[in-house]
file upload_14.txt (compact mmCIF, C-alpha atoms and all ligand atoms)
# COMPACT_ATOMS: atom_id res chain seq x y z
CA MET A 1 90.18 118.71 92.66
CA ALA A 2 90.71 119.20 88.92
CA VAL A 3 93.27 121.81 88.02
CA THR A 4 91.65 124.44 85.85
CA GLU A 5 93.16 127.37 84.03
CA PRO A 6 92.48 130.60 85.90
CA GLY A 7 89.89 132.74 84.11
CA PRO A 8 90.16 136.47 83.42
CA VAL A 9 90.32 138.88 86.36
CA LEU A 10 86.85 140.11 87.40
CA LEU A 11 87.71 142.12 90.46
CA THR A 12 90.87 143.70 91.84
CA ALA A 13 91.15 145.28 95.29
CA ARG A 14 94.24 147.26 96.23
CA GLY A 15 95.34 148.45 99.64
CA ILE A 16 91.96 147.89 101.28
CA THR A 17 91.93 149.20 104.84
CA VAL A 18 88.96 149.45 107.18
CA ALA A 19 89.46 151.41 110.40
CA PHE A 20 86.97 151.40 113.26
CA GLY A 21 88.36 154.31 115.26
CA ARG A 22 92.02 153.46 115.74
CA PHE A 23 91.44 149.74 115.24
CA LEU A 24 92.19 148.27 111.80
CA ALA A 25 89.73 145.47 111.05
CA VAL A 26 91.27 145.14 107.56
CA ALA A 27 94.79 146.39 106.89
CA ALA A 28 96.19 147.11 103.41
CA VAL A 29 94.82 144.01 101.68
CA ASP A 30 95.42 143.37 97.97
CA PHE A 31 93.04 140.86 96.47
CA GLU A 32 92.03 139.53 93.08
CA VAL A 33 89.09 137.44 91.92
CA ARG A 34 89.23 135.49 88.67
CA GLU A 35 86.27 134.16 86.76
CA GLY A 36 85.15 130.67 87.77
CA GLU A 37 86.99 130.67 91.10
CA LEU A 38 85.51 129.32 94.27
CA HIS A 39 87.59 131.58 96.44
CA ALA A 40 87.53 131.08 100.22
CA LEU A 41 88.53 133.63 102.85
CA VAL A 42 89.76 131.83 105.96
CA GLY A 43 91.20 132.85 109.32
CA PRO A 44 90.42 132.82 113.02
CA ASN A 45 87.56 134.77 114.67
CA GLY A 46 87.96 138.49 114.21
CA ALA A 47 90.49 138.10 111.36
CA GLY A 48 88.51 140.52 109.19
CA LYS A 49 86.85 138.09 106.76
CA SER A 50 83.28 139.39 107.08
CA THR A 51 84.44 143.00 107.08
CA PHE A 52 86.36 142.40 103.87
CA LEU A 53 83.37 140.65 102.27
CA ASN A 54 81.20 143.62 103.27
CA VAL A 55 83.66 145.98 101.61
CA LEU A 56 83.37 143.98 98.37
CA GLY A 57 79.57 144.07 98.62
CA GLY A 58 79.49 147.77 99.50
CA GLN A 59 77.84 147.30 102.91
CA ILE A 60 80.96 148.90 104.44
CA LEU A 61 83.03 151.59 102.73
CA GLN A 62 86.76 151.15 103.06
CA THR A 63 88.84 153.79 104.80
CA ALA A 64 91.56 153.47 102.15
CA GLY A 65 92.14 151.54 98.95
CA GLU A 66 90.12 150.96 95.80
CA ILE A 67 88.24 148.15 94.13
CA GLU A 68 87.91 147.67 90.39
CA PHE A 69 85.19 145.45 89.00
CA LEU A 70 85.34 144.58 85.29
CA GLY A 71 88.04 147.21 84.91
CA ARG A 72 86.08 150.10 86.48
CA PRO A 73 86.56 151.62 89.93
CA LEU A 74 83.61 150.92 92.24
CA GLY A 75 84.19 154.02 94.35
CA ARG A 76 81.30 154.52 96.77
CA THR A 77 78.80 152.46 94.78
CA THR A 78 75.91 151.24 96.95
CA PRO A 79 75.23 147.53 97.57
CA HIS A 80 72.07 147.86 95.50
CA ARG A 81 73.96 149.22 92.51
CA ARG A 82 76.70 146.61 92.92
CA ALA A 83 74.05 143.91 92.81
CA ARG A 84 72.76 145.42 89.55
CA ILE A 85 76.19 145.36 87.93
CA GLY A 86 76.94 141.81 89.02
CA ILE A 87 78.24 141.64 92.59
CA GLY A 88 75.60 139.62 94.38
CA ARG A 89 75.19 138.71 97.98
CA SER A 90 73.37 135.75 99.42
CA PHE A 91 70.02 136.95 100.72
CA GLN A 92 69.53 136.88 104.48
CA LEU A 93 66.84 134.60 105.83
CA THR A 94 64.70 137.63 106.53
CA SER A 95 64.42 138.39 102.82
CA VAL A 96 62.78 135.03 102.14
CA ILE A 97 59.08 135.86 102.09
CA ALA A 98 57.23 133.56 104.48
CA GLY A 99 54.02 132.14 103.05
CA PHE A 100 55.33 132.49 99.50
CA SER A 101 56.43 129.26 97.89
CA CYS A 102 60.07 128.55 97.08
CA LEU A 103 59.29 129.08 93.41
CA GLU A 104 57.57 132.43 94.04
CA ASN A 105 60.53 133.63 96.08
CA VAL A 106 62.99 132.78 93.32
CA VAL A 107 60.72 134.30 90.66
CA LEU A 108 60.72 137.56 92.64
CA ALA A 109 64.52 137.50 92.72
CA VAL A 110 64.68 136.82 88.97
CA GLU A 111 62.25 139.68 88.30
CA ALA A 112 64.27 142.05 90.49
CA ARG A 113 67.03 141.59 87.94
CA HIS A 114 65.03 143.54 85.37
CA GLY A 115 64.67 146.56 87.69
CA MET A 116 61.51 148.67 87.90
CA LEU A 117 61.45 149.55 84.21
CA GLY A 118 61.98 145.96 83.21
CA MET A 119 59.13 144.89 85.47
CA LEU A 120 56.78 147.33 83.74
CA ARG A 121 57.77 146.20 80.26
CA ALA A 122 55.63 143.48 78.76
CA ARG A 123 57.60 140.28 78.96
CA PRO A 124 56.54 136.70 78.86
CA ARG A 125 56.32 135.87 82.58
CA GLY A 126 56.80 132.21 81.78
CA GLU A 127 60.46 132.92 81.03
CA ASP A 128 61.12 134.08 84.58
CA ALA A 129 59.26 131.13 86.06
CA GLN A 130 61.24 128.74 83.90
CA ARG A 131 64.52 130.30 84.95
CA ALA A 132 63.41 130.10 88.58
CA ARG A 133 62.61 126.40 88.17
CA GLU A 134 66.02 125.76 86.64
CA LEU A 135 67.66 127.48 89.60
CA LEU A 136 65.62 125.44 92.08
CA ASP A 137 66.74 122.28 90.25
CA LEU A 138 70.34 123.47 90.35
CA VAL A 139 70.26 123.96 94.12
CA GLY A 140 68.46 120.65 94.66
CA LEU A 141 65.05 122.07 95.58
CA GLY A 142 63.26 121.13 92.36
CA SER A 143 60.79 118.92 94.22
CA ARG A 144 60.05 121.63 96.83
CA ALA A 145 59.01 124.37 94.37
CA GLU A 146 55.46 124.68 95.71
CA VAL A 147 56.38 124.40 99.42
CA PRO A 148 56.10 127.64 101.46
CA ALA A 149 59.64 128.94 101.96
CA ASP A 150 59.28 129.17 105.74
CA GLU A 151 58.51 125.45 105.97
CA LEU A 152 61.99 124.48 104.78
CA GLY A 153 64.61 123.23 107.20
CA HIS A 154 67.71 125.30 107.85
CA GLY A 155 69.85 123.57 105.21
CA GLN A 156 67.21 123.91 102.52
CA GLN A 157 66.68 127.58 103.39
CA LYS A 158 70.38 128.09 102.65
CA GLN A 159 69.91 126.36 99.31
CA LEU A 160 66.96 128.63 98.59
CA GLU A 161 69.02 131.71 99.48
CA VAL A 162 71.65 130.66 96.96
CA ALA A 163 68.97 130.15 94.28
CA MET A 164 67.55 133.62 95.03
CA ALA A 165 70.99 135.22 94.88
CA LEU A 166 71.64 133.50 91.55
CA GLY A 167 68.27 134.72 90.28
CA ARG A 168 69.79 138.14 89.87
CA GLY A 169 72.49 136.73 87.60
CA PRO A 170 75.60 137.81 89.54
CA ARG A 171 79.07 137.56 88.02
CA ILE A 172 80.42 137.23 91.56
CA LEU A 173 78.45 135.79 94.46
CA LEU A 174 79.53 136.73 98.00
CA LEU A 175 78.69 134.27 100.81
CA ASP A 176 79.42 134.69 104.51
CA GLU A 177 79.78 131.38 106.38
CA PRO A 178 77.50 129.37 104.09
CA THR A 179 77.91 126.20 106.20
CA SER A 180 77.05 127.74 109.57
CA GLY A 181 74.39 125.75 111.38
CA LEU A 182 74.37 122.94 108.81
CA THR A 183 74.60 119.24 109.57
CA GLU A 184 77.40 117.19 108.01
CA HIS A 185 74.99 115.82 105.41
CA GLU A 186 73.78 119.35 104.54
CA ARG A 187 77.41 120.50 104.27
CA GLN A 188 78.08 117.78 101.75
CA SER A 189 75.17 118.80 99.55
CA LEU A 190 75.97 122.52 99.87
CA GLY A 191 79.56 121.73 98.81
CA GLY A 192 78.31 119.97 95.69
CA LEU A 193 75.92 122.83 95.02
CA LEU A 194 78.63 125.50 95.26
CA GLN A 195 80.83 123.52 92.89
CA ARG A 196 77.98 123.36 90.38
CA VAL A 197 77.30 127.08 90.82
CA ALA A 198 80.98 127.93 90.31
CA GLY A 199 80.52 126.70 86.74
CA ARG A 200 78.30 129.72 86.04
CA SER A 201 79.03 132.33 88.71
CA THR A 202 82.26 133.04 90.57
CA ILE A 203 82.05 132.64 94.35
CA VAL A 204 83.87 134.42 97.16
CA MET A 205 83.01 133.00 100.58
CA ALA A 206 84.16 133.56 104.14
CA GLU A 207 84.27 130.15 105.79
CA HIS A 208 85.46 128.65 109.07
CA ASP A 209 85.23 124.99 108.17
CA VAL A 210 88.72 124.02 106.96
CA GLU A 211 87.62 120.58 105.75
CA PHE A 212 84.84 122.15 103.71
CA VAL A 213 87.22 124.72 102.20
CA ARG A 214 89.78 122.04 101.36
CA ARG A 215 87.08 120.06 99.61
CA VAL A 216 85.42 122.76 97.52
CA ALA A 217 87.63 125.87 97.18
CA THR A 218 89.90 126.41 94.18
CA ARG A 219 91.71 129.33 95.78
CA VAL A 220 92.18 130.43 99.37
CA THR A 221 93.17 133.70 101.02
CA ALA A 222 94.08 133.50 104.71
CA PHE A 223 93.62 136.47 107.05
CA ASN A 224 94.87 137.15 110.53
CA LEU A 225 94.37 140.38 112.51
CA GLY A 226 93.09 142.16 109.39
CA ARG A 227 96.10 141.24 107.27
CA LYS A 228 96.45 138.81 104.43
CA ILE A 229 98.94 136.17 105.56
CA ALA A 230 98.80 133.62 102.74
CA GLU A 231 97.17 132.99 99.39
CA GLY A 232 97.14 130.16 96.87
CA SER A 233 95.66 126.71 96.36
CA PRO A 234 94.03 125.11 99.44
CA ASP A 235 97.06 122.83 99.87
CA GLN A 236 99.53 125.71 99.61
CA VAL A 237 97.66 127.79 102.16
CA PHE A 238 96.90 125.08 104.72
CA GLU A 239 100.47 123.75 104.58
CA ASP A 240 101.89 127.24 105.11
CA PRO A 241 103.72 127.33 108.48
CA THR A 242 102.34 130.76 109.44
CA VAL A 243 98.79 129.67 108.64
CA LYS A 244 99.22 126.41 110.56
CA GLU A 245 100.46 128.30 113.60
CA VAL A 246 97.63 130.83 113.48
CA PHE A 247 95.02 128.09 113.14
CA LEU A 248 96.55 126.07 115.98
CA ARG A 249 96.61 129.11 118.21
CA GLY A 250 93.01 129.92 117.20
CA ALA A 251 91.99 126.36 118.11
CA ALA A 252 93.86 126.58 121.40
CA ALA A 253 92.14 129.89 122.21
CA VAL A 254 88.74 128.30 121.64
CA ALA A 255 89.52 125.10 123.61
N1 LIG B 301 81.21 147.84 113.26
C1 LIG B 301 82.33 147.53 113.94
N2 LIG B 301 82.84 148.35 114.87
C2 LIG B 301 83.96 148.06 115.55
N3 LIG B 301 84.67 146.91 115.36
C3 LIG B 301 84.21 146.05 114.46
C4 LIG B 301 83.01 146.29 113.69
N4 LIG B 301 82.82 145.24 112.86
C5 LIG B 301 83.82 144.39 113.10
N5 LIG B 301 84.65 144.86 114.05
C6 LIG B 301 85.87 144.21 114.54
O1 LIG B 301 86.70 143.96 113.43
C7 LIG B 301 87.39 142.71 113.58
C8 LIG B 301 87.11 141.86 112.36
O2 LIG B 301 85.78 141.40 112.43
P1 LIG B 301 85.12 140.47 111.32
O3 LIG B 301 83.71 140.27 111.70
O4 LIG B 301 85.43 141.00 109.98
O5 LIG B 301 85.96 139.12 111.54
P2 LIG B 301 85.71 137.69 110.94
O6 LIG B 301 87.03 137.23 110.41
O7 LIG B 301 84.55 137.66 110.04
O8 LIG B 301 85.40 136.85 112.27
P3 LIG B 301 84.42 135.59 112.50
O9 LIG B 301 85.24 134.41 112.08
O10 LIG B 301 84.19 135.60 113.97
O11 LIG B 301 83.18 135.78 111.69
C9 LIG B 301 86.91 142.13 114.90
O12 LIG B 301 87.85 142.42 115.89
C10 LIG B 301 85.60 142.84 115.15
O13 LIG B 301 85.34 142.94 116.53
MG MG B 302 82.70 136.69 110.05

call {"tool": "encode", "arguments": {"input": "upload_14.txt", "output": "structure tokens", "more": "lines below"}}
Ligand SMILES: Nc1ncnc2c1ncn2[C@@H]1O[C@H](COP(=O)(O)OP(=O)(O)OP(=O)(O)O)[C@@H](O)[C@H]1O
Ligand SMILES: [Mg+2]
result
Amino acid sequence: MAVTEPGPVLLTARGITVAFGRFLAVAAVDFEVREGELHALVGPNGAGKSTFLNVLGGQILQTAGEIEFLGRPLGRTTPHRRARIGIGRSFQLTSVIAGFSCLENVVLAVEARHGMLGMLRARPRGEDAQRARELLDLVGLGSRAEVPADELGHGQQKQLEVAMALGRGPRILLLDEPTSGLTEHERQSLGGLLQRVAGRSTIVMAEHDVEFVRRVATRVTAFNLGRKIAEGSPDQVFEDPTVKEVFLRGAAAVA
């Protein structure tokens, strides 16, 4: 992986804690995202990765701590508002409209970027369609533009979700387990896709697949039991003795 200069800081989280009753799913985590990163959150089941991602996206409000995005505190901003200011989340499968073509789905996502007022304003619609086509090309679905979205296979649906999320023009894109359910071949193409996307939008993803993370991530944060246990380049993190032990134990628990 090419060594690139870290970009400016986009997001800073300090002392993030999420309590469910007396249980701490996330405990006092400091975290920073820099522009252009493909930043992976790793750790065994229940480590707190999804919970932390949901705190960044606003789906869960932290019990303690604060997040700054582009130098401003996010406070209790809703997920909808966060999406408008540039923190995007991959759409769930359910938000892909069955019967609508891939292109139509991405056009809808691109139009959502303008908000209600923007949608009422006269604007050349061709612009949105062109942007949607570019995004479909980027994710490798250029030839499937006219195919109904629900006719895609699982891997291609994931590609479509990424195109739709990018349609809103996020500065940071949050992805939870993007490789889940994908074949090895689909993983390969998703890896290439995320690397292309990272050229234009920063990515933070929770991911189980260590090989995948080693291949595509530029920075890794490892969690265990809600705490951050290591952070750095993929090599630094996966060679860390504590991380190795936690992953071995995790593997042993599953076996
Ligand atoms: N709404 C909730 N109420 C109570 N406990 C929760 C809730 N959501 C998550 N947890 C607990 O918080 C811990 C962290 O869960 P989380 O889903 O963030 O882990 P994860 O690292 O994403 O795990 P996985 O690798 O399995 O996806 C787990 O012990 C989980 O059971
Ligand atoms: Mg999870």

call {"tool": "residues_around", "arguments": {"input": "upload_14.txt", "residues": "stretch 68-84 of chain A", "least_positions_apart": "4", "cutoff": "8 Å", "atoms": "all atoms listed in the file", "output": "list in words"}}
result
Val9, Leu10, Leu11, Thr12, Ala13, Gly57, Gly58, Gln59, Leu61, Gly88, Arg89, Arg113, Arg168 and Pro170 of chain A

call {"tool": "atom_distance", "arguments": {"input": "upload_14.txt", "atom1": "atom CA of A:Ala28", "atom2": "atom CA of A:Asn224"}}
result
12.3 Å

call {"tool": "closest_residue", "arguments": {"input": "upload_14.txt", "among": "A:Val96, A:Val18, A:Ala222, A:Ala47", "to": "ligand LIG 301 (chain B)", "atoms": "only C-alpha atoms and all ligand atoms"}}
result
A:Ala47

call {"tool": "residues_around", "arguments": {"input": "upload_14.txt", "residues": "stretch 30-44 of chain A", "least_positions_apart": "5", "cutoff": "7 Å", "atoms": "only C-alpha atoms", "output": "ChimeraX atom specification"}}
result
/A:6-16,49,198-199,201-208,213,217-224,247,250

call {"tool": "residues_near_point", "arguments": {"input": "upload_14.txt", "point": "(94.0, 142.7, 104.2)", "cutoff": "6 Å", "atoms": "all atoms listed in the file", "output": "ChimeraX atom specification"}}
result
/A:26-29,226-228

call {"tool": "atom_distance", "arguments": {"input": "upload_14.txt", "atom1": "atom CA of A:Gly169", "atom2": "atom CA of A:Arg144"}}
result
21.6 Å

call {"tool": "residues_near_ligand", "arguments": {"input": "upload_14.txt", "ligand": "ligand LIG 301 (chain B)", "cutoff": "6 Å", "atoms": "all atoms listed in the file", "output": "count of residues only"}}
result
10

call {"tool": "atom_distance", "arguments": {"input": "upload_14.txt", "atom1": "atom CA of A:Val55", "atom2": "atom CA of A:Ile229"}}
result
18.6 Å

call {"tool": "closest_residue", "arguments": {"input": "upload_14.txt", "among": "A:Gly167, A:Pro178, A:Gly21, A:Gly86", "to": "ligand MG 302 (chain B)", "atoms": "only C-alpha atoms and all ligand atoms"}}
result
A:Pro178

call {"tool": "closest_residue", "arguments": {"input": "upload_14.txt", "among": "A:Ile97, A:Leu248, A:Ala19, A:Leu166", "to": "A:Ala64", "atoms": "only C-alpha atoms"}}
result
A:Ala19

call {"tool": "closest_residue", "arguments": {"input": "upload_14.txt", "among": "A:Leu175, A:Leu103, A:Ala145, A:Leu194", "to": "ligand MG 302 (chain B)", "atoms": "all atoms listed in the file"}}
result
A:Leu175

call {"tool": "closest_residue", "arguments": {"input": "upload_14.txt", "among": "A:Phe23, A:Phe52, A:Phe100, A:Phe238", "to": "ligand MG 302 (chain B)", "atoms": "all atoms listed in the file"}}
result
A:Phe52

call {"tool": "closest_residue", "arguments": {"input": "upload_14.txt", "among": "A:Gln195, A:Gln62, A:Asn54, A:Gln188", "to": "ligand MG 302 (chain B)", "atoms": "only C-alpha atoms and all ligand atoms"}}
result
A:Asn54

call {"tool": "residues_around", "arguments": {"input": "upload_14.txt", "residues": "A:Arg214", "least_positions_apart": "3", "cutoff": "8 Å", "atoms": "only C-alpha atoms", "output": "PDB file with C-alpha atoms, in the coordinates of the input"}}
result
ATOM      1  CA  VAL A 210      88.720 124.020 106.960  1.00  0.00           C
ATOM      2  CA  GLU A 211      87.620 120.580 105.750  1.00  0.00           C
ATOM      3  CA  ALA A 217      87.630 125.870  97.180  1.00  0.00           C
ATOM      4  CA  PRO A 234      94.030 125.110  99.440  1.00  0.00           C
ATOM      5  CA  ASP A 235      97.060 122.830  99.870  1.00  0.00           C
TER       6      ASP A 235
END

call {"tool": "residues_around", "arguments": {"input": "upload_14.txt", "residues": "A:Ala165", "least_positions_apart": "5", "cutoff": "12 Å", "atoms": "only C-alpha atoms", "output": "VMD selection string"}}
result
chain A and resid 83 to 84 86 to 93 95 to 96 105 to 113 132 135 to 136 139 158 to 160 170 to 175 197 201 203
